[in-house]
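Q: What follows is start32.pdb, PDB, C-alpha atoms.
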ATOM      1  CA  MET A  29     -42.464 -55.444  59.770
ATOM      2  CA  ASP A  30     -40.537 -58.254  61.440
ATOM      3  CA  GLU A  31     -37.975 -57.322  64.037
ATOM      4  CA  THR A  32     -35.026 -58.642  62.042
ATOM      5  CA  GLU A  33     -35.777 -56.342  59.119
ATOM      6  CA  SER A  34     -36.152 -53.384  61.439
ATOM      7  CA  VAL A  35     -32.739 -54.158  62.980
ATOM      8  CA  LEU A  36     -31.219 -54.540  59.514
ATOM      9  CA  ILE A  37     -32.635 -51.168  58.463
ATOM     10  CA  GLN A  38     -31.137 -49.544  61.560
ATOM     11  CA  ARG A  39     -27.752 -51.074  60.717
ATOM     12  CA  CYS A  40     -28.127 -49.761  57.147
ATOM     13  CA  GLN A  41     -28.819 -46.323  58.564
ATOM     14  CA  ALA A  42     -25.566 -46.627  60.486
ATOM     15  CA  GLY A  43     -23.839 -47.158  57.111
ATOM     16  CA  GLU A  44     -23.343 -50.962  57.128
ATOM     17  CA  LYS A  45     -23.691 -52.058  53.504
ATOM     18  CA  GLU A  46     -23.604 -55.741  54.532
ATOM     19  CA  ALA A  47     -26.886 -55.267  56.390
ATOM     20  CA  PHE A  48     -28.528 -54.236  53.116
ATOM     21  CA  GLU A  49     -27.730 -57.568  51.449
ATOM     22  CA  PRO A  50     -30.419 -59.692  53.212
ATOM     23  CA  ILE A  51     -33.008 -57.035  52.440
ATOM     24  CA  VAL A  52     -32.047 -56.947  48.748
ATOM     25  CA  ARG A  53     -32.041 -60.755  48.573
ATOM     26  CA  LYS A  54     -35.457 -60.974  50.238
ATOM     27  CA  TYR A  55     -37.165 -58.652  47.757
ATOM     28  CA  ALA A  56     -35.097 -59.122  44.571
ATOM     29  CA  GLY A  57     -37.523 -61.588  42.954
ATOM     30  CA  ARG A  58     -40.705 -59.630  43.446
ATOM     31  CA  ALA A  59     -38.918 -56.338  42.709
ATOM     32  CA  THR A  60     -37.674 -57.597  39.338
ATOM     33  CA  GLY A  61     -41.089 -59.060  38.509
ATOM     34  CA  ALA A  62     -42.777 -55.788  39.449
ATOM     35  CA  ALA A  63     -40.336 -53.811  37.288
ATOM     36  CA  ALA A  64     -41.053 -56.152  34.354
ATOM     37  CA  VAL A  65     -44.775 -55.427  34.677
ATOM     38  CA  LEU A  66     -44.309 -51.672  35.137
ATOM     39  CA  LEU A  67     -41.933 -51.349  32.207
ATOM     40  CA  GLY A  68     -43.661 -53.935  30.045
ATOM     41  CA  CYS A  69     -40.158 -55.033  29.208
ATOM     42  CA  PRO A  70     -38.568 -57.964  31.080
ATOM     43  CA  GLN A  71     -35.107 -57.202  29.672
ATOM     44  CA  GLU A  72     -34.893 -53.880  31.521
ATOM     45  CA  ALA A  73     -36.469 -55.110  34.753
ATOM     46  CA  GLN A  74     -33.365 -56.217  36.639
ATOM     47  CA  ASP A  75     -31.515 -53.001  35.909
ATOM     48  CA  ALA A  76     -34.465 -50.850  37.064
ATOM     49  CA  SER A  77     -35.009 -52.852  40.251
ATOM     50  CA  GLN A  78     -31.294 -52.630  41.108
ATOM     51  CA  GLU A  79     -31.359 -48.882  40.501
ATOM     52  CA  ALA A  80     -34.311 -48.642  42.911
ATOM     53  CA  PHE A  81     -32.344 -50.509  45.609
ATOM     54  CA  VAL A  82     -29.432 -48.117  45.121
ATOM     55  CA  ARG A  83     -31.772 -45.139  45.451
ATOM     56  CA  ALA A  84     -33.392 -46.679  48.544
ATOM     57  CA  TRP A  85     -29.924 -47.082  50.092
ATOM     58  CA  ARG A  86     -29.027 -43.460  49.361
ATOM     59  CA  HIS A  87     -32.196 -42.264  51.096
ATOM     60  CA  ILE A  88     -32.267 -44.871  53.862
ATOM     61  CA  GLN A  89     -31.757 -42.158  56.499
ATOM     62  CA  ARG A  90     -35.203 -40.768  55.686
ATOM     63  CA  PHE A  91     -36.891 -44.138  56.188
ATOM     64  CA  ARG A  92     -38.587 -44.982  59.508
ATOM     65  CA  PRO A  93     -37.200 -48.368  60.637
ATOM     66  CA  ASP A  94     -40.557 -49.373  62.158
ATOM     67  CA  ALA A  95     -42.340 -49.021  58.781
ATOM     68  CA  PRO A  96     -42.492 -51.897  56.267
ATOM     69  CA  PHE A  97     -39.655 -51.655  53.731
ATOM     70  CA  TYR A  98     -41.279 -53.072  50.611
ATOM     71  CA  PRO A  99     -44.111 -50.502  50.146
ATOM     72  CA  TRP A 100     -41.531 -47.714  50.443
ATOM     73  CA  TYR A 101     -39.184 -49.485  48.046
ATOM     74  CA  SER A 102     -41.974 -50.202  45.548
ATOM     75  CA  ALA A 103     -42.926 -46.505  45.478
ATOM     76  CA  ILE A 104     -39.316 -45.698  44.552
ATOM     77  CA  LEU A 105     -39.374 -48.451  41.932
ATOM     78  CA  ARG A 106     -42.586 -47.072  40.421
ATOM     79  CA  ASN A 107     -41.005 -43.635  40.090
ATOM     80  CA  ILE A 108     -37.914 -45.053  38.419
ATOM     81  CA  CYS A 109     -40.031 -47.031  35.974
ATOM     82  CA  ARG A 110     -42.171 -43.977  35.215
ATOM     83  CA  SER A 111     -39.044 -41.934  34.478
ATOM     84  CA  ARG A 112     -37.751 -44.679  32.201
ATOM     85  CA  LEU A 113     -41.074 -44.871  30.374
ATOM     86  CA  ARG A 114     -41.056 -41.081  29.942
ATOM     87  CA  ARG A 115     -37.516 -41.209  28.553
ATOM     88  CA  ARG A 116     -38.483 -44.098  26.298
ATOM     89  CA  SER A 117     -41.491 -42.192  24.938
ATOM     90  CA  ARG A 118     -39.248 -39.230  24.050
ATOM     91  CA  ARG A 119     -36.827 -41.446  22.153
ATOM     92  CA  PRO A 120     -37.608 -41.935  18.475
ATOM     93  CA  THR A 121     -38.615 -45.510  17.744
ATOM     94  CA  VAL A 122     -38.809 -47.587  14.616
ATOM     95  CA  SER A 123     -42.061 -49.502  14.370
ATOM     96  CA  LEU A 124     -41.942 -53.171  13.527
ATOM     97  CA  PRO A 125     -43.641 -54.351  10.373
ATOM     98  CA  ASP A 126     -47.068 -55.950  10.791
ATOM     99  CA  GLY A 127     -46.914 -59.603  11.644
ATOM    100  CA  TYR A 128     -43.416 -59.322  13.051
ATOM    101  CA  ALA A 129     -43.051 -61.241  16.314
ATOM    102  CA  LEU A 130     -40.259 -61.000  18.846
ATOM    103  CA  PRO A 131     -38.308 -64.213  19.410
ATOM    104  CA  SER A 132     -40.044 -66.290  22.067
ATOM    105  CA  ASN A 133     -37.064 -66.396  24.446
ATOM    106  CA  ASP A 134     -37.183 -62.582  24.679
ATOM    107  CA  SER A 135     -40.725 -62.576  25.920
ATOM    108  CA  ASP A 136     -40.791 -65.662  28.135
ATOM    109  CA  PRO A 137     -42.271 -64.860  31.528
ATOM    110  CA  VAL A 138     -39.153 -65.842  33.468
ATOM    111  CA  PHE A 139     -40.546 -64.003  36.466
ATOM    112  CA  LEU A 140     -43.421 -66.371  37.174
ATOM    113  CA  ALA A 141     -43.220 -68.879  40.025
ATOM    114  CA  GLU A 142     -45.413 -71.429  38.280
ATOM    115  CA  GLN A 143     -45.799 -71.466  34.563
ATOM    116  CA  ASN A 144     -48.473 -72.913  32.364
ATOM    117  CA  GLU A 145     -49.941 -71.860  29.054
ATOM    118  CA  ARG A 146     -52.779 -69.845  30.595
ATOM    119  CA  ARG A 147     -50.498 -67.894  32.969
ATOM    120  CA  ARG A 148     -47.905 -67.361  30.251
ATOM    121  CA  CYS A 149     -50.549 -65.828  27.977
ATOM    122  CA  LEU A 150     -51.939 -63.781  30.848
ATOM    123  CA  PHE A 151     -48.523 -62.377  31.718
ATOM    124  CA  GLN A 152     -47.759 -61.569  28.082
ATOM    125  CA  ALA A 153     -51.123 -59.835  27.784
ATOM    126  CA  ILE A 154     -50.386 -57.754  30.916
ATOM    127  CA  LEU A 155     -47.013 -56.683  29.510
ATOM    128  CA  ALA A 156     -48.733 -55.505  26.327
ATOM    129  CA  LEU A 157     -51.240 -53.257  28.160
ATOM    130  CA  GLN A 158     -50.724 -49.521  28.481
ATOM    131  CA  PRO A 159     -48.487 -48.459  31.444
ATOM    132  CA  MET A 160     -51.335 -47.020  33.533
ATOM    133  CA  PHE A 161     -53.217 -50.344  33.410
ATOM    134  CA  ARG A 162     -50.099 -52.426  34.102
ATOM    135  CA  GLU A 163     -49.364 -50.318  37.153
ATOM    136  CA  ILE A 164     -52.814 -50.657  38.698
ATOM    137  CA  LEU A 165     -52.988 -54.412  38.017
ATOM    138  CA  LEU A 166     -49.591 -54.826  39.652
ATOM    139  CA  MET A 167     -50.701 -52.934  42.738
ATOM    140  CA  LYS A 168     -53.922 -54.900  43.090
ATOM    141  CA  HIS A 169     -52.930 -58.428  42.128
ATOM    142  CA  PHE A 170     -49.211 -58.667  42.834
ATOM    143  CA  GLN A 171     -48.901 -56.288  45.761
ATOM    144  CA  GLU A 172     -52.381 -56.844  47.187
ATOM    145  CA  MET A 173     -53.020 -53.170  47.899
ATOM    146  CA  SER A 174     -56.474 -51.906  48.867
ATOM    147  CA  TYR A 175     -58.251 -49.214  46.842
ATOM    148  CA  LYS A 176     -57.447 -46.691  49.578
ATOM    149  CA  GLU A 177     -53.740 -47.561  49.504
ATOM    150  CA  MET A 178     -53.679 -47.363  45.706
ATOM    151  CA  ALA A 179     -55.462 -43.998  45.762
ATOM    152  CA  GLU A 180     -52.889 -42.642  48.216
ATOM    153  CA  ALA A 181     -49.930 -44.057  46.307
ATOM    154  CA  LEU A 182     -51.152 -42.741  42.956
ATOM    155  CA  ASP A 183     -52.563 -39.509  44.380
ATOM    156  CA  ILE A 184     -55.957 -40.038  42.707
ATOM    157  CA  PRO A 185     -59.525 -40.379  44.098
ATOM    158  CA  ILE A 186     -60.831 -43.846  45.040
ATOM    159  CA  GLY A 187     -63.461 -43.550  42.283
ATOM    160  CA  THR A 188     -60.666 -43.204  39.720
ATOM    161  CA  VAL A 189     -58.913 -46.270  41.162
ATOM    162  CA  MET A 190     -62.179 -48.196  40.802
ATOM    163  CA  SER A 191     -62.739 -47.225  37.168
ATOM    164  CA  ARG A 192     -59.068 -47.539  36.166
ATOM    165  CA  LEU A 193     -58.799 -51.030  37.631
ATOM    166  CA  HIS A 194     -62.047 -52.078  35.993
ATOM    167  CA  ASN A 195     -60.920 -50.702  32.617
ATOM    168  CA  ALA A 196     -57.560 -52.453  33.023
ATOM    169  CA  ARG A 197     -59.299 -55.785  33.584
ATOM    170  CA  LEU A 198     -61.566 -55.219  30.594
ATOM    171  CA  ALA A 199     -58.569 -54.339  28.414
ATOM    172  CA  LEU A 200     -56.789 -57.453  29.615
ATOM    173  CA  ARG A 201     -59.805 -59.630  28.892
ATOM    174  CA  GLU A 202     -60.066 -58.150  25.426
ATOM    175  CA  ALA A 203     -56.375 -58.751  24.756
ATOM    176  CA  LEU A 204     -56.699 -62.379  25.877
ATOM    177  CA  ALA A 205     -59.755 -62.900  23.687
ATOM    178  CA  LYS A 206     -57.836 -61.478  20.724
ATOM    179  CA  ASP A 207     -54.933 -63.852  21.443
ATOM    180  CA  GLU A 208     -57.243 -66.840  21.659
ATOM    181  CA  SER A 209     -58.966 -66.010  18.389
TER
ATOM    182  CA  MET B  27     -79.461 -47.666  36.957
ATOM    183  CA  SER B  28     -78.440 -49.255  33.640
ATOM    184  CA  CYS B  29     -76.593 -52.572  33.229
ATOM    185  CA  ASP B  30     -73.596 -50.607  32.019
ATOM    186  CA  ALA B  31     -73.469 -48.633  35.278
ATOM    187  CA  PHE B  32     -73.758 -51.862  37.276
ATOM    188  CA  ASN B  33     -71.019 -53.454  35.191
ATOM    189  CA  ARG B  34     -68.652 -50.646  36.111
ATOM    190  CA  MET B  35     -69.152 -51.617  39.758
ATOM    191  CA  ALA B  36     -68.335 -55.281  39.099
ATOM    192  CA  SER B  37     -64.602 -55.022  39.804
ATOM    193  CA  ALA B  38     -65.134 -53.177  43.067
ATOM    194  CA  TYR B  39     -67.774 -55.755  44.030
ATOM    195  CA  LEU B  40     -65.338 -58.629  43.441
ATOM    196  CA  ASP B  41     -62.633 -56.820  45.390
ATOM    197  CA  GLY B  42     -64.980 -56.235  48.333
ATOM    198  CA  GLU B  43     -64.623 -52.479  47.932
ATOM    199  CA  LEU B  44     -68.263 -51.429  47.487
ATOM    200  CA  THR B  45     -70.144 -49.669  50.264
ATOM    201  CA  ALA B  46     -72.842 -51.740  51.992
ATOM    202  CA  GLU B  47     -75.556 -49.803  50.167
ATOM    203  CA  ASP B  48     -73.949 -50.193  46.693
ATOM    204  CA  ARG B  49     -73.312 -53.857  47.384
ATOM    205  CA  ARG B  50     -76.975 -54.434  48.257
ATOM    206  CA  ARG B  51     -78.101 -52.618  45.098
ATOM    207  CA  PHE B  52     -75.605 -54.516  42.972
ATOM    208  CA  GLU B  53     -76.717 -57.896  44.343
ATOM    209  CA  ALA B  54     -80.397 -56.989  43.890
ATOM    210  CA  HIS B  55     -79.683 -56.169  40.241
ATOM    211  CA  LEU B  56     -77.752 -59.432  39.744
ATOM    212  CA  GLU B  57     -80.785 -61.439  40.804
ATOM    213  CA  THR B  58     -82.774 -59.990  37.942
ATOM    214  CA  CYS B  59     -80.131 -59.751  35.179
ATOM    215  CA  ASP B  60     -78.586 -62.763  33.424
ATOM    216  CA  ALA B  61     -76.208 -60.662  31.311
ATOM    217  CA  CYS B  62     -74.699 -58.972  34.371
ATOM    218  CA  ARG B  63     -74.368 -62.330  36.154
ATOM    219  CA  ARG B  64     -72.460 -63.730  33.160
ATOM    220  CA  GLU B  65     -70.287 -60.641  32.986
ATOM    221  CA  LEU B  66     -69.506 -60.913  36.696
ATOM    222  CA  ALA B  67     -68.636 -64.610  36.427
ATOM    223  CA  ASP B  68     -66.323 -63.861  33.508
ATOM    224  CA  LEU B  69     -64.557 -61.082  35.392
ATOM    225  CA  LYS B  70     -64.312 -63.282  38.481
ATOM    226  CA  ARG B  71     -62.476 -65.957  36.479
ATOM    227  CA  LEU B  72     -60.022 -63.360  35.239
ATOM    228  CA  THR B  73     -59.324 -61.914  38.706
ATOM    229  CA  GLU B  74     -58.841 -65.415  40.117
ATOM    230  CA  ASP B  75     -56.320 -66.160  37.375
ATOM    231  CA  LEU B  76     -54.528 -62.902  38.123
ATOM    232  CA  ASP B  77     -54.432 -63.698  41.832
ATOM    233  CA  MET B  78     -52.775 -67.039  41.063
ATOM    234  CA  ILE B  79     -49.768 -65.408  39.416
ATOM    235  CA  ARG B  80     -46.743 -65.157  41.683
ATOM    236  CA  PHE B  81     -43.255 -63.924  40.940
ATOM    237  CA  LYS B  82     -40.441 -66.445  41.025
ATOM    238  CA  GLU B  83     -37.950 -66.381  43.893
ATOM    239  CA  PRO B  84     -34.471 -66.423  42.324
ATOM    240  CA  GLY B  85     -31.949 -69.138  43.209
ATOM    241  CA  ASP B  86     -28.853 -68.507  45.364
ATOM    242  CA  GLU B  87     -26.567 -68.019  42.393
ATOM    243  CA  GLU B  88     -28.924 -65.506  40.766
ATOM    244  CA  LEU B  89     -29.317 -63.670  44.066
ATOM    245  CA  ALA B  90     -25.549 -63.482  44.537
ATOM    246  CA  ARG B  91     -25.203 -61.968  41.058
ATOM    247  CA  TYR B  92     -28.070 -59.584  41.744
ATOM    248  CA  TRP B  93     -26.592 -58.382  45.046
ATOM    249  CA  SER B  94     -23.195 -58.007  43.462
ATOM    250  CA  GLY B  95     -24.785 -55.717  40.835
ATOM    251  CA  VAL B  96     -26.401 -53.583  43.546
ATOM    252  CA  TYR B  97     -23.208 -53.500  45.660
ATOM    253  CA  ASN B  98     -21.065 -52.422  42.709
ATOM    254  CA  ARG B  99     -23.452 -49.560  42.008
ATOM    255  CA  LEU B 100     -23.351 -48.489  45.654
ATOM    256  CA  GLU B 101     -19.550 -48.427  45.553
ATOM    257  CA  ARG B 102     -19.478 -46.642  42.210
ATOM    258  CA  GLY B 103     -21.942 -44.039  43.510
ATOM    259  CA  LEU B 104     -19.391 -42.947  46.112
ATOM    260  CA  GLY B 105     -16.671 -43.058  43.465
ATOM    261  CA  TRP B 106     -18.661 -40.772  41.171
ATOM    262  CA  ILE B 107     -19.322 -38.285  43.968
ATOM    263  CA  LEU B 108     -15.605 -38.123  44.859
ATOM    264  CA  PHE B 109     -14.659 -37.899  41.188
ATOM    265  CA  SER B 110     -17.150 -35.078  40.564
ATOM    266  CA  VAL B 111     -16.058 -33.079  43.609
ATOM    267  CA  GLY B 112     -12.402 -33.572  42.657
ATOM    268  CA  ALA B 113     -13.034 -32.600  39.033
ATOM    269  CA  ILE B 114     -14.962 -29.454  39.995
ATOM    270  CA  LEU B 115     -12.261 -28.347  42.451
ATOM    271  CA  THR B 116      -9.449 -29.019  39.965
ATOM    272  CA  LEU B 117     -11.252 -27.255  37.117
ATOM    273  CA  CYS B 118     -12.068 -24.240  39.282
ATOM    274  CA  TYR B 119      -8.478 -23.994  40.454
ATOM    275  CA  GLY B 120      -7.163 -24.424  36.906
ATOM    276  CA  ALA B 121      -9.575 -21.805  35.534
ATOM    277  CA  PHE B 122      -8.569 -19.364  38.278
ATOM    278  CA  LYS B 123      -4.875 -19.853  37.495
ATOM    279  CA  VAL B 124      -5.421 -19.480  33.743
ATOM    280  CA  ILE B 125      -7.307 -16.215  34.240
ATOM    281  CA  GLU B 126      -4.679 -14.965  36.670
ATOM    282  CA  GLU B 127      -1.849 -15.744  34.206
ATOM    283  CA  LEU B 128      -3.743 -14.229  31.296
ATOM    284  CA  ILE B 129      -4.474 -10.990  33.074
ATOM    285  CA  ARG B 130      -0.868 -10.618  34.208
ATOM    286  CA  ASP B 131       0.603 -11.492  30.804
ATOM    287  CA  ASP B 132       1.073  -8.293  28.795
ATOM    288  CA  THR B 133       1.895 -10.173  25.595
ATOM    289  CA  VAL B 134      -1.639 -11.614  25.352
ATOM    290  CA  SER B 135      -4.086  -9.387  23.496
ATOM    291  CA  ASN B 136      -6.992  -7.856  25.407
ATOM    292  CA  LEU B 137      -9.429  -9.452  22.995
ATOM    293  CA  LEU B 138      -8.236 -12.938  23.947
ATOM    294  CA  LYS B 139      -8.379 -12.031  27.639
ATOM    295  CA  VAL B 140     -11.987 -10.885  27.295
ATOM    296  CA  GLY B 141     -12.825 -13.985  25.245
ATOM    297  CA  VAL B 142     -11.426 -16.418  27.809
ATOM    298  CA  CYS B 143     -13.058 -14.550  30.706
ATOM    299  CA  ALA B 144     -16.430 -14.607  28.885
ATOM    300  CA  LEU B 145     -16.035 -18.327  28.201
ATOM    301  CA  ILE B 146     -15.368 -19.120  31.840
ATOM    302  CA  ALA B 147     -18.098 -16.775  33.100
ATOM    303  CA  GLY B 148     -20.529 -18.423  30.678
ATOM    304  CA  LEU B 149     -19.642 -21.873  31.991
ATOM    305  CA  VAL B 150     -20.205 -20.721  35.573
ATOM    306  CA  VAL B 151     -23.600 -19.184  34.690
ATOM    307  CA  LEU B 152     -24.669 -22.376  32.876
ATOM    308  CA  PHE B 153     -23.561 -24.558  35.791
ATOM    309  CA  VAL B 154     -25.379 -22.429  38.387
ATOM    310  CA  SER B 155     -28.502 -22.280  36.210
ATOM    311  CA  LEU B 156     -28.517 -26.069  35.799
ATOM    312  CA  LEU B 157     -27.999 -26.547  39.522
ATOM    313  CA  ARG B 158     -30.846 -24.141  40.318
ATOM    314  CA  GLU B 159     -33.161 -25.915  37.878
ATOM    315  CA  ARG B 160     -32.383 -29.289  39.440
ATOM    316  CA  LEU B 161     -33.087 -27.924  42.920
ATOM    317  CA  VAL B 162     -36.414 -26.384  41.837
ATOM    318  CA  VAL B 163     -37.473 -29.621  40.081
ATOM    319  CA  CYS B 164     -36.515 -31.594  43.171
ATOM    320  CA  LYS B 165     -38.714 -29.339  45.359
ATOM    321  CA  VAL B 166     -41.826 -29.542  43.176
ATOM    322  CA  ASP B 167     -41.417 -33.162  42.038
ATOM    323  CA  ARG B 168     -44.623 -34.895  43.160
ATOM    324  CA  TYR B 169     -42.840 -38.219  43.280
ATOM    325  CA  SER B 170     -40.041 -37.134  45.609
ATOM    326  CA  LYS B 171     -42.436 -37.519  48.570
ATOM    327  CA  GLU B 172     -42.084 -41.274  48.071
ATOM    328  CA  ILE B 173     -38.618 -41.071  49.515
ATOM    329  CA  GLU B 174     -39.898 -39.302  52.647
ATOM    330  CA  ARG B 175     -41.409 -42.203  54.565
TER
END
What does this structure look like when you write it as structure tokens?

A:
Amino acid sequence: MDETESVLIQRCQAGEKEAFEPIVRKYAGRATGAAAVLLGCPQEAQDASQEAFVRAWRHIQRFRPDAPFYPWYSAILRNICRSRLRRRSRRPTVSLPDGYALPSNDSDPVFLAEQNERRRCLFQAILALQPMFREILLMKHFQEMSYKEMAEALDIPIGTVMSRLHNARLALREALAKDES
Amino acid sequence: MSCDAFNRMASAYLDGELTAEDRRRFEAHLETCDACRRELADLKRLTEDLDMIRFKEPGDEELARYWSGVYNRLERGLGWILFSVGAILTLCYGAFKVIEELIRDDTVSNLLKVGVCALIAGLVVLFVSLLRERLVVCKVDRYSKEIER
């Protein structure tokens, strides 16, 4: 972690809320994008990522200033998104009739740095995957974690990481093929 | 080993996560199998596309709004804690006074006294039980370790 961030964290631990602002600003974009992938719902992403920053602030005393902030934050964010998904699955839902499509502005990938048709479709296909697959694709491709890091973060064996990631890619490829046809 | 078994190793091969021995076996199989080579090339294209996706960095105005949202929640968090502590203290004091008055008041029937006491005792039991449950869940929650770093 760069020295500035370490100093900012120490100031946060001393209770200076202003020192938290540069940290929030630095990671807001990728945090919101990550929440969109984890939740499969861009509309809820900002709220979840903000909640994760609030939780990180409340527990900042337990954080080692010499450690990188984002991996710690993203673990908190993952937990928040998992809780939200659990709550969502308990809530009764009304299924949409076949052939019903959401309005395009609701599903635009506003989180992507560069947009083109291929990436737009890819992002939409990721959002439509099951949560377990979205999570592992996020860790590998957006957070560039190694298999060992993913295994530790998810508390699963490396072999499971390998097969889950492979299955996620196959599911994504299948979803894209379906879209194209 | 079957093509299917080799295919399952394709992702790990592309990610550079196979052991030296598995990598050698995988590459030896690729040299002899067109279907697996095609499958690997297809998967490679997909992973390259995925690696190209980057999240957008918000503009200054968006960031200011975002930070303001976080800051307001931080402030409100403290507000809620103070409010909760204040409410609990006030309610406890009020309940104590009500019970005290009731017990001293001879005009109130014993049945009502018992009823009110049971109501308040029930609330206390429910509150303590809820608090205990939250503490136990917090201790065994496998995700709470994520905070401890």

Q: Identify all residues satisfying the PyMOL selection byres ((chain B) within 10 of (chain A)) in the given file; provide them as a PyMOL selection string.

A: chain B and resi 33-39+41-44+68-69+72-86+88-90+92-101+103+168-175

Q: What is the atom CA of A:Leu155 to atom CA of A:Val65 distance in Å?

A: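 Taking atom CA of A:Leu155 and atom CA of A:Val65, their separation equals 5.8 Å.
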
Q: Contacts of B:Lys139 at 7 Å or less, counting all atoms listed in the file, minus same-chain residues fewer than 3 places along, as a compact mmCIF listing (two decimals) with C-alpha atoms, in the frame of the given file?

A:
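Output contents, as saved in around.txt:
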# COMPACT_ATOMS: atom_id res chain seq x y z
CA LEU B 128 -3.74 -14.23 31.30
CA ILE B 129 -4.47 -10.99 33.07
CA SER B 135 -4.09 -9.39 23.50
CA ASN B 136 -6.99 -7.86 25.41
CA VAL B 142 -11.43 -16.42 27.81
CA CYS B 143 -13.06 -14.55 30.71

Q: Kindly indicate which residue among A:Ala205, A:Leu113, A:Leu66, A:Leu36 lies nearest to A:Ile164, using only C-alpha atoms for the distances.

A: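 Closest residue, counting only C-alpha atoms: A:Leu66.
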
Q: When you count only C-alpha atoms, which of these residues is closest to A:Gly68: A:Gln158, A:Ser209, A:Thr188, A:Gln38?

A: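 Among A:Gln158, A:Ser209, A:Thr188, A:Gln38, it is A:Gln158 that comes nearest to A:Gly68.
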
Q: Find the residues near B:His55: any atom within 12 Å, counting all atoms listed in the file, skip ones fewer than 5 places away on the same chain, and give them as a list in words.

A: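 My reading of the contact set: Met27, Ser28, Cys29, Asp30, Ala31, Phe32, Asn33, Met35, Ala36, Asp48, Arg49, Arg50, Asp60, Ala61, Cys62, Arg63 and Leu66 of chain B.
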
Q: In Å, rounded to a single decimal, give me how far atom CA of A:Ala153 is from atom CA of A:Glu208.

A: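 Computing the Euclidean distance for atom CA of A:Glu208 and atom CA of A:Ala153 yields 11.1 Å.
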
Q: Could you please determine the separation between atom CA of B:Val124 and atom CA of B:Leu149 in Å, to one decimal place?

A: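 Atom-to-atom, atom CA of B:Val124 and atom CA of B:Leu149 are spaced 14.5 Å apart.
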
Q: For B:Ala147, which residue out of B:Leu40, B:Ile125, B:Trp106, B:Arg160 is the nearest one, using all atoms listed in the file?

A: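 Of B:Leu40, B:Ile125, B:Trp106, B:Arg160, the one nearest B:Ala147 is B:Ile125, counting all atoms listed in the file.
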
Q: Taking into account only C-alpha atoms, which residue in the set A:Ala73, A:Ala64, A:Cys40, A:Met178 is nearest to A:Ala156?

A: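 Checking each of A:Ala73, A:Ala64, A:Cys40, A:Met178 against A:Ala156, counting only C-alpha atoms, the winner is A:Ala64.
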
Q: Could you extract stretch 162-173 of chain A of the given structure into a file holding N, CA and C atoms, as a PDB file, in the first residue's frame?

A:
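Saved as part20.pdb:
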ATOM      1  N   ARG A 162     -20.937 -15.129 -10.556  1.00  0.00           N
ATOM      2  CA  ARG A 162     -20.615 -13.694 -10.665  1.00  0.00           C
ATOM      3  C   ARG A 162     -19.477 -13.350  -9.723  1.00  0.00           C
ATOM      4  N   GLU A 163     -19.562 -13.903  -8.516  1.00  0.00           N
ATOM      5  CA  GLU A 163     -18.563 -13.591  -7.492  1.00  0.00           C
ATOM      6  C   GLU A 163     -17.165 -14.038  -7.922  1.00  0.00           C
ATOM      7  N   ILE A 164     -17.075 -15.254  -8.446  1.00  0.00           N
ATOM      8  CA  ILE A 164     -15.745 -15.781  -8.785  1.00  0.00           C
ATOM      9  C   ILE A 164     -15.176 -15.082 -10.028  1.00  0.00           C
ATOM     10  N   LEU A 165     -16.055 -14.704 -10.961  1.00  0.00           N
ATOM     11  CA  LEU A 165     -15.579 -13.962 -12.140  1.00  0.00           C
ATOM     12  C   LEU A 165     -15.090 -12.574 -11.731  1.00  0.00           C
ATOM     13  N   LEU A 166     -15.792 -11.975 -10.789  1.00  0.00           N
ATOM     14  CA  LEU A 166     -15.376 -10.656 -10.293  1.00  0.00           C
ATOM     15  C   LEU A 166     -13.986 -10.744  -9.671  1.00  0.00           C
ATOM     16  N   MET A 167     -13.802 -11.750  -8.829  1.00  0.00           N
ATOM     17  CA  MET A 167     -12.521 -11.887  -8.134  1.00  0.00           C
ATOM     18  C   MET A 167     -11.378 -12.113  -9.118  1.00  0.00           C
ATOM     19  N   LYS A 168     -11.627 -12.924 -10.133  1.00  0.00           N
ATOM     20  CA  LYS A 168     -10.558 -13.256 -11.074  1.00  0.00           C
ATOM     21  C   LYS A 168     -10.301 -12.118 -12.068  1.00  0.00           C
ATOM     22  N   HIS A 169     -11.357 -11.614 -12.682  1.00  0.00           N
ATOM     23  CA  HIS A 169     -11.150 -10.705 -13.812  1.00  0.00           C
ATOM     24  C   HIS A 169     -11.194  -9.220 -13.455  1.00  0.00           C
ATOM     25  N   PHE A 170     -11.856  -8.869 -12.368  1.00  0.00           N
ATOM     26  CA  PHE A 170     -11.942  -7.455 -12.023  1.00  0.00           C
ATOM     27  C   PHE A 170     -11.036  -7.117 -10.835  1.00  0.00           C
ATOM     28  N   GLN A 171     -10.739  -8.142 -10.031  1.00  0.00           N
ATOM     29  CA  GLN A 171      -9.883  -7.872  -8.875  1.00  0.00           C
ATOM     30  C   GLN A 171      -8.551  -8.599  -8.973  1.00  0.00           C
ATOM     31  N   GLU A 172      -8.378  -9.311 -10.066  1.00  0.00           N
ATOM     32  CA  GLU A 172      -7.119  -9.991 -10.400  1.00  0.00           C
ATOM     33  C   GLU A 172      -6.533 -10.798  -9.229  1.00  0.00           C
ATOM     34  N   MET A 173      -7.387 -11.576  -8.594  1.00  0.00           N
ATOM     35  CA  MET A 173      -6.920 -12.401  -7.473  1.00  0.00           C
ATOM     36  C   MET A 173      -6.419 -13.748  -7.996  1.00  0.00           C
TER      37      MET A 173
END
